[in-house]
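Structure data (compact mmCIF, C-alpha atoms and all ligand atoms) from model.txt:
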# COMPACT_ATOMS: atom_id res chain seq x y z
CA MET A 1 13.10 -3.87 14.17
CA GLU A 2 11.22 -6.38 16.34
CA ALA A 3 10.06 -3.57 18.66
CA ILE A 4 8.57 -1.80 15.65
CA PHE A 5 6.68 -4.92 14.52
CA LYS A 6 5.36 -5.47 18.05
CA LYS A 7 4.13 -1.89 18.11
CA LEU A 8 2.48 -2.29 14.71
CA GLU A 9 0.60 -5.33 16.03
CA GLU A 10 -0.78 -3.19 18.88
CA ILE A 11 -1.72 -0.52 16.36
CA ALA A 12 -3.60 -3.13 14.26
CA LEU A 13 -5.74 -4.03 17.28
CA LYS A 14 -6.45 -0.40 18.14
CA ILE A 15 -7.40 0.66 14.61
CA ASP A 16 -9.55 -2.44 14.13
CA ASN A 17 -11.40 -1.47 17.30
CA LEU A 18 -11.70 2.13 16.07
CA ILE A 19 -13.17 1.04 12.71
CA LYS A 20 -15.68 -1.22 14.44
CA ASN A 21 -16.76 1.22 17.14
CA GLY A 22 -15.67 4.72 16.06
CA GLU A 23 -17.72 7.48 14.47
CA SER A 24 -18.32 7.38 10.73
CA GLY A 25 -18.52 10.39 8.38
CA TYR A 26 -16.32 13.25 7.28
CA SER A 27 -14.57 15.82 9.46
CA GLN A 28 -14.18 19.48 8.48
CA ASN A 29 -10.45 18.98 7.66
CA SER A 30 -8.40 18.21 4.52
CA ASN A 31 -5.08 16.35 4.41
CA ALA A 32 -1.75 17.32 2.77
CA THR A 33 -2.98 16.29 -0.69
CA GLY A 34 -6.29 18.15 -0.32
CA ASP A 35 -8.52 15.10 0.32
CA GLN A 36 -11.29 15.70 2.83
CA GLN A 37 -10.52 13.60 5.92
CA LEU A 38 -12.86 11.15 7.57
CA LYS A 39 -13.06 11.16 11.34
CA LEU A 40 -11.52 7.67 11.15
CA ASP A 41 -8.55 8.98 9.10
CA ILE A 42 -7.74 11.54 11.77
CA GLN A 43 -8.17 9.16 14.68
CA SER A 44 -6.12 6.38 13.05
CA ASP A 45 -3.36 8.90 12.42
CA ILE A 46 -3.41 9.99 16.07
CA ILE A 47 -3.25 6.36 17.29
CA ILE A 48 -0.24 5.61 15.08
CA GLU A 49 1.65 8.78 15.98
CA GLU A 50 1.07 8.28 19.71
CA GLU A 51 2.24 4.66 19.57
CA LEU A 52 5.26 5.16 17.30
CA LYS A 53 6.47 8.07 19.43
CA LYS A 54 7.06 5.55 22.25
CA LEU A 55 9.82 3.81 20.26
CA SER A 56 13.39 5.04 20.73
CA ASN A 57 14.76 3.59 17.45
CA ILE A 58 12.56 5.76 15.22
CA HIS A 59 14.15 8.88 13.80
CA SER A 60 11.02 10.31 12.19
CA ILE A 61 7.56 9.54 10.91
CA ILE A 62 5.75 10.79 7.83
CA SER A 63 2.01 10.32 7.53
CA GLU A 64 -0.08 10.45 4.40
CA GLU A 65 -2.42 12.60 6.47
CA LYS A 66 0.20 15.23 7.35
CA GLU A 67 2.21 17.72 5.32
CA ASP A 68 5.36 17.62 7.42
CA ILE A 69 7.89 15.11 8.66
CA VAL A 70 7.70 14.63 12.45
CA THR A 71 11.06 14.02 14.11
CA ILE A 72 10.80 11.66 17.06
CA ASN A 73 14.36 10.93 18.07
CA PRO A 74 17.39 12.48 16.29
CA ASP A 75 19.46 9.40 17.24
CA GLY A 76 16.86 6.94 15.93
CA GLU A 77 17.68 4.61 13.03
CA TYR A 78 14.44 4.33 11.07
CA THR A 79 11.94 6.55 9.31
CA ILE A 80 8.41 5.18 9.07
CA CYS A 81 6.14 6.41 6.27
CA TYR A 82 2.54 5.35 6.71
CA ASP A 83 -0.94 5.63 5.35
CA PRO A 84 -3.09 5.27 8.50
CA LEU A 85 -6.31 4.21 6.76
CA ASP A 86 -5.95 3.57 3.06
CA GLY A 87 -9.17 3.36 1.04
CA SER A 88 -11.02 5.27 3.72
CA SER A 89 -13.62 6.48 1.18
CA ILE A 90 -15.07 2.93 1.17
CA VAL A 91 -14.90 2.20 4.90
CA ASP A 92 -18.27 3.79 5.62
CA TYR A 93 -19.81 1.34 3.11
CA ASN A 94 -18.29 -1.54 5.09
CA LEU A 95 -15.73 -2.63 2.49
CA SER A 96 -12.28 -3.78 3.56
CA VAL A 97 -9.57 -1.17 4.11
CA GLY A 98 -5.99 -1.17 5.36
CA SER A 99 -3.02 0.56 6.95
CA ILE A 100 0.35 0.58 5.16
CA PHE A 101 3.81 1.16 6.67
CA GLY A 102 7.16 1.55 4.92
CA ILE A 103 10.23 1.32 7.18
CA TYR A 104 13.26 3.13 5.75
CA LYS A 105 16.85 3.37 6.93
CA GLY A 106 19.06 6.25 5.80
CA ARG A 107 18.02 8.78 3.16
CA LEU A 108 14.40 8.36 2.13
CA SER A 109 14.32 6.54 -1.22
CA GLY A 110 13.00 3.31 -2.69
CA GLU A 111 16.34 1.54 -2.38
CA ASN A 112 16.48 2.32 1.34
CA ILE A 113 13.25 0.62 2.35
CA VAL A 114 14.19 -2.18 4.74
CA ALA A 115 10.76 -3.55 5.61
CA SER A 116 7.10 -3.06 4.93
CA TYR A 117 4.00 -4.00 6.85
CA TYR A 118 0.37 -3.75 5.98
CA ILE A 119 -2.82 -4.55 7.83
CA VAL A 120 -6.09 -5.53 6.14
CA TYR A 121 -9.24 -4.82 8.15
CA GLY A 122 -11.75 -7.15 6.53
CA PRO A 123 -14.00 -9.94 7.78
CA ARG A 124 -10.73 -10.92 9.48
CA VAL A 125 -7.74 -8.78 10.39
CA GLU A 126 -4.65 -9.91 8.50
CA VAL A 127 -1.09 -8.62 8.28
CA VAL A 128 1.69 -9.07 5.76
CA LYS A 129 5.17 -8.31 7.02
CA THR A 130 8.08 -8.12 4.57
CA ILE A 131 11.72 -7.78 5.54
CA LYS A 132 14.04 -6.99 2.63
CA GLY A 133 15.70 -10.17 1.36
CA LYS A 134 13.09 -12.51 2.89
CA LYS A 135 9.76 -13.95 1.77
CA PRO A 136 6.75 -11.91 2.95
CA GLU A 137 4.98 -13.46 5.93
CA HIS A 138 1.21 -13.70 6.21
CA PHE A 139 -0.43 -13.43 9.65
CA ARG A 140 -3.99 -13.47 10.93
CA LEU A 141 -5.30 -11.92 14.13
CA ILE A 142 -6.72 -14.76 16.21
CA ASN A 143 -7.95 -14.19 19.76
CA GLY A 144 -6.14 -10.86 20.01
CA SER A 145 -2.72 -11.85 18.69
CA LEU A 146 -1.11 -12.42 15.30
CA GLN A 147 -0.64 -16.04 14.26
CA LYS A 148 1.57 -16.83 11.29
CA ILE A 149 -0.26 -18.52 8.43
CA ALA A 150 2.48 -18.93 5.79
CA ASP A 151 5.25 -17.34 3.76
CA ILE A 152 3.98 -15.84 0.52
CA SER A 153 5.29 -16.87 -2.92
CA MET A 154 3.63 -15.76 -6.12
CA ASP A 155 3.06 -17.95 -9.16
CA GLU A 156 4.40 -16.95 -12.57
CA LYS A 157 0.92 -16.00 -13.79
CA GLY A 158 -2.44 -15.26 -12.21
CA LYS A 159 -6.08 -14.80 -13.18
CA LEU A 160 -7.10 -11.48 -11.62
CA ASN A 161 -7.12 -8.02 -13.15
CA ALA A 162 -7.51 -4.96 -10.88
CA PRO A 163 -7.40 -1.84 -13.08
CA GLY A 164 -7.52 1.49 -11.22
CA ALA A 165 -8.22 5.12 -12.18
CA THR A 166 -10.94 6.75 -14.29
CA GLN A 167 -11.33 4.67 -17.45
CA LYS A 168 -12.34 7.57 -19.68
CA ASN A 169 -8.92 9.11 -18.94
CA TRP A 170 -6.83 5.99 -19.65
CA TYR A 171 -4.31 6.27 -22.48
CA PRO A 172 -5.13 4.04 -25.50
CA HIS A 173 -2.16 1.68 -24.90
CA HIS A 174 -3.29 1.14 -21.30
CA LYS A 175 -6.88 0.48 -22.37
CA ALA A 176 -5.61 -2.03 -24.96
CA LEU A 177 -3.52 -3.83 -22.29
CA ILE A 178 -6.42 -4.13 -19.84
CA GLU A 179 -8.81 -5.29 -22.56
CA SER A 180 -6.34 -7.86 -23.86
CA LEU A 181 -6.02 -9.39 -20.37
CA PHE A 182 -9.80 -9.68 -20.13
CA GLN A 183 -9.80 -11.29 -23.60
CA GLU A 184 -7.33 -13.86 -22.24
CA GLY A 185 -9.80 -14.79 -19.50
CA TYR A 186 -8.69 -12.59 -16.57
CA ARG A 187 -11.45 -11.72 -14.11
CA LEU A 188 -12.16 -8.25 -12.77
CA ARG A 189 -11.42 -7.81 -9.05
CA TYR A 190 -11.30 -4.16 -8.00
CA SER A 191 -12.82 -2.86 -4.75
CA GLY A 192 -11.31 0.64 -4.64
CA GLY A 193 -9.07 -0.27 -1.71
CA MET A 194 -5.51 -1.04 -2.77
CA VAL A 195 -4.74 -3.01 0.39
CA PRO A 196 -7.45 -5.68 -0.01
CA ASP A 197 -7.05 -5.66 -3.81
CA LEU A 198 -3.30 -6.26 -3.67
CA HIS A 199 -3.69 -8.70 -0.77
CA GLN A 200 -6.06 -10.83 -2.85
CA ILE A 201 -3.67 -10.89 -5.83
CA LEU A 202 -0.73 -11.83 -3.58
CA LEU A 203 -2.56 -14.62 -1.77
CA LYS A 204 -4.16 -16.05 -4.90
CA GLY A 205 -0.70 -16.27 -6.43
CA GLY A 206 -0.90 -13.59 -9.10
CA GLY A 207 -2.65 -11.24 -11.48
CA LEU A 208 -2.24 -7.53 -12.15
CA PHE A 209 -3.06 -4.42 -10.11
CA SER A 210 -2.54 -1.24 -12.12
CA TYR A 211 -2.86 2.40 -11.23
CA PRO A 212 -1.69 4.14 -14.41
CA GLY A 213 -0.94 7.73 -15.30
CA THR A 214 -4.01 9.18 -17.01
CA THR A 215 -4.74 12.17 -19.26
CA ASP A 216 -5.85 14.17 -16.20
CA LYS A 217 -3.26 12.75 -13.74
CA PRO A 218 -0.13 11.74 -15.70
CA LYS A 219 1.68 10.83 -12.46
CA GLY A 220 -1.14 8.62 -11.18
CA LYS A 221 -2.60 8.86 -7.72
CA LEU A 222 -0.84 6.43 -5.42
CA ARG A 223 1.83 7.89 -3.15
CA ASP A 224 5.40 6.65 -3.44
CA PHE A 225 6.52 6.47 0.19
CA PHE A 226 3.26 5.40 1.84
CA GLU A 227 1.71 3.08 -0.72
CA VAL A 228 3.83 2.26 -3.76
CA ILE A 229 7.31 1.47 -2.37
CA PRO A 230 6.05 -0.62 0.61
CA PHE A 231 3.90 -2.80 -1.70
CA ALA A 232 6.72 -2.97 -4.28
CA LEU A 233 8.97 -4.55 -1.64
CA THR A 234 6.28 -7.13 -0.80
CA PHE A 235 5.56 -8.08 -4.42
CA ILE A 236 9.23 -8.32 -5.38
CA GLU A 237 10.16 -10.42 -2.33
CA ALA A 238 7.17 -12.69 -3.07
CA GLY A 239 8.72 -13.39 -6.49
CA GLY A 240 6.49 -11.05 -8.52
CA GLY A 241 7.17 -7.63 -9.97
CA ALA A 242 6.42 -3.95 -9.34
CA ILE A 243 7.21 -1.37 -12.02
CA ASP A 244 6.36 2.14 -13.18
CA ASP A 245 5.25 3.16 -16.69
CA LYS A 246 8.88 3.22 -17.89
CA GLY A 247 9.38 -0.40 -16.84
CA ARG A 248 11.62 0.57 -13.88
CA SER A 249 11.43 -1.28 -10.60
CA LEU A 250 9.42 0.78 -8.13
CA LEU A 251 12.24 0.19 -5.63
CA GLU A 252 14.35 2.53 -7.79
CA LEU A 253 12.02 5.47 -7.11
CA ASP A 254 13.75 8.48 -5.65
CA PRO A 255 10.89 10.87 -4.83
CA LYS A 256 11.70 14.52 -4.21
CA HIS A 257 8.69 15.24 -2.03
CA PRO A 258 7.06 13.04 0.64
CA HIS A 259 3.71 13.19 -1.17
CA ASP A 260 4.92 12.41 -4.72
CA THR A 261 2.91 9.88 -6.74
CA THR A 262 3.74 7.57 -9.63
CA PRO A 263 1.99 5.32 -12.15
CA CYS A 264 2.40 1.78 -10.79
CA PHE A 265 1.86 -1.86 -11.70
CA PHE A 266 2.08 -4.80 -9.30
CA GLY A 267 1.72 -8.40 -10.35
CA SER A 268 3.13 -11.77 -11.13
CA ASN A 269 5.91 -11.99 -13.71
CA TYR A 270 3.80 -12.82 -16.74
CA GLU A 271 1.54 -9.78 -16.31
CA ILE A 272 4.46 -7.45 -15.53
CA GLU A 273 6.10 -8.52 -18.81
CA ARG A 274 2.80 -7.73 -20.56
CA VAL A 275 2.85 -4.23 -19.06
CA LYS A 276 6.41 -3.68 -20.30
CA VAL A 277 5.42 -4.65 -23.84
CA ALA A 278 2.24 -2.53 -23.79
CA TYR A 279 4.17 0.51 -22.53
CA GLY A 280 6.96 0.08 -25.08
CA CYS A 281 9.65 -0.75 -22.49
CA LYS A 282 10.76 -3.88 -24.43
O1 LIG B 1 -5.15 5.60 -1.70
C1 LIG B 1 -5.96 5.72 -2.64
C2 LIG B 1 -6.98 4.65 -3.00
O2 LIG B 1 -8.10 4.68 -2.18
C3 LIG B 1 -6.46 3.19 -3.10
O3 LIG B 1 -6.63 2.47 -1.92
C4 LIG B 1 -7.28 2.64 -4.23
O4 LIG B 1 -6.67 1.56 -4.90
C5 LIG B 1 -7.44 3.83 -5.12
O5 LIG B 1 -7.35 4.98 -4.30
C6 LIG B 1 -8.75 3.86 -5.85
O6 LIG B 1 -8.77 4.92 -6.73
P1 LIG B 1 -9.71 4.97 -8.01
O7 LIG B 1 -11.10 5.01 -7.48
O8 LIG B 1 -9.32 6.24 -8.70
O9 LIG B 1 -9.47 3.76 -8.86
Translate the structure of the given file into structure tokens.
Amino acid sequence: MEAIFKKLEEIALKIDNLIKNGESGYSQNSNATGDQQLKLDIQSDIIIEEELKKLSNIHSIISEEKEDIVTINPDGEYTICYDPLDGSSIVDYNLSVGSIFGIYKGRLSGENIVASYYIVYGPRVEVVKTIKGKKPEHFRLINGSLQKIADISMDEKGKLNAPGATQKNWYPHHKALIESLFQEGYRLRYSGGMVPDLHQILLKGGGLFSYPGTTDKPKGKLRDFFEVIPFALTFIEAGGGAIDDKGRSLLELDPKHPHDTTPCFFGSNYEIERVKVAYGCK
């Protein structure tokens, strides 16, 4: 897998350069889920596909920006599912965004993720690499290469609350949960980019990021293979939790379609227990 991580480091540099110097604004195209694509979405996707195609150990790639699976090498071992530029609707307003990669071995399912990797393009470029069974590692791009900062371990409880989705469509039990955390003193931290929002919760030791099912979107918005399962691996290996609205670990997801979505909750253990109680899972 080292060759994959090396390639992802090169991709981080290229996409960072693209964000800083590329064209802003929307293209005329829509992606597989019907979202209108930014020029940066399309170009990031091209960069990643071109680079990953150079690796012989990759069986196939699946992009959030494409409908179909692209087979690279029938003898390859890994499938990489990626969101080339997550949170791209805020990039043109100069907020932080990210790229997310899930590396799977065998049949595509939550239990077969073997590593995840995300890049945050913010005031600094940072990376979190997680190999199943090991603590996530935090890196920063310094003078053109990644330097390790630390392993990441979450505390039992945090102070941040990042509640996603349209509030008027939240179910009453979800609204009650979010309000009760604010009553306990949690502070609102939600930028609209899941990569920087989850990164902040991880590095500050804890809190809750939620993207629930809502009355208009009962299955939520965040995509299982590109967003939810890769972050679930990171939170769980950091000692926190990642569950759906039934209280199941997000690593037990077994999506039927590459673009399936699920309600999801990521946090430290105290907040994840609170979600389970609020959703009637305990
Ligand atoms: O991928 C979708 C995304 O942009 C995430 O990065 C982010 O957390 C979420 O959507 C924001 O959605 P909403 O504005 O509905 O809370």
(request) Could you check how far CA of Ala176 in chain A sits from CA of Cys281 in chain A, in Å to one decimal? (result)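 Separating CA of Ala176 in chain A from CA of Cys281 in chain A is a distance of 15.5 Å.
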Using only C-alpha atoms, which protein or nucleic acid residues come within 9 Å of range 79-81 of chain A? Drop anything in the same chain fewer than 3 positions from it, and give the result as a compact mmCIF listing (two decimals) with C-alpha atoms, keeping the file's coordinate frame.
# COMPACT_ATOMS: atom_id res chain seq x y z
CA LEU A 52 5.26 5.16 17.30
CA ILE A 58 12.56 5.76 15.22
CA HIS A 59 14.15 8.88 13.80
CA SER A 60 11.02 10.31 12.19
CA ILE A 61 7.56 9.54 10.91
CA ILE A 62 5.75 10.79 7.83
CA SER A 63 2.01 10.32 7.53
CA GLU A 64 -0.08 10.45 4.40
CA THR A 71 11.06 14.02 14.11
CA GLY A 76 16.86 6.94 15.93
CA ILE A 100 0.35 0.58 5.16
CA PHE A 101 3.81 1.16 6.67
CA GLY A 102 7.16 1.55 4.92
CA ILE A 103 10.23 1.32 7.18
CA TYR A 104 13.26 3.13 5.75
CA LYS A 105 16.85 3.37 6.93
CA GLY A 106 19.06 6.25 5.80
CA ARG A 107 18.02 8.78 3.16
CA LEU A 108 14.40 8.36 2.13
CA PHE A 225 6.52 6.47 0.19
CA PHE A 226 3.26 5.40 1.84
CA GLU A 227 1.71 3.08 -0.72
CA PRO A 258 7.06 13.04 0.64
(message) Which residues are near range 33-44 of chain A? Cut-off 6 Å, only C-alpha atoms, ignore same chain within fewer than 5 positions. Put them as a PyMOL selection string.
(response) chain A and resi 25-27+84-85
(request) List all protein, DNA and RNA residues that have any atom at most 10 Å from ligand LIG 1 (chain B), counting all atoms listed in the file, and write the list as a VMD selection string. (result) chain A and resid 64 83 85 to 90 97 to 99 162 to 167 190 to 198 209 to 212 220 to 223 226 to 228
(message) Given all atoms listed in the file as the basis, pick out the residue of A:Lys217, A:Lys129, A:Lys159, A:Lys7 nearest to Glu237 in chain A.
(response)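 Between A:Lys217, A:Lys129, A:Lys159, A:Lys7, the residue approaching Glu237 in chain A most closely is A:Lys129.
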(request) Considering all atoms listed in the file, return as number ranges by chain whatever protein or nucleic-acid residues lie within 9 Å of Gly185 in chain A, sequence-local ones (same chain, fewer than 4 positions apart) excluded. (result) A: 159-160, 180-181
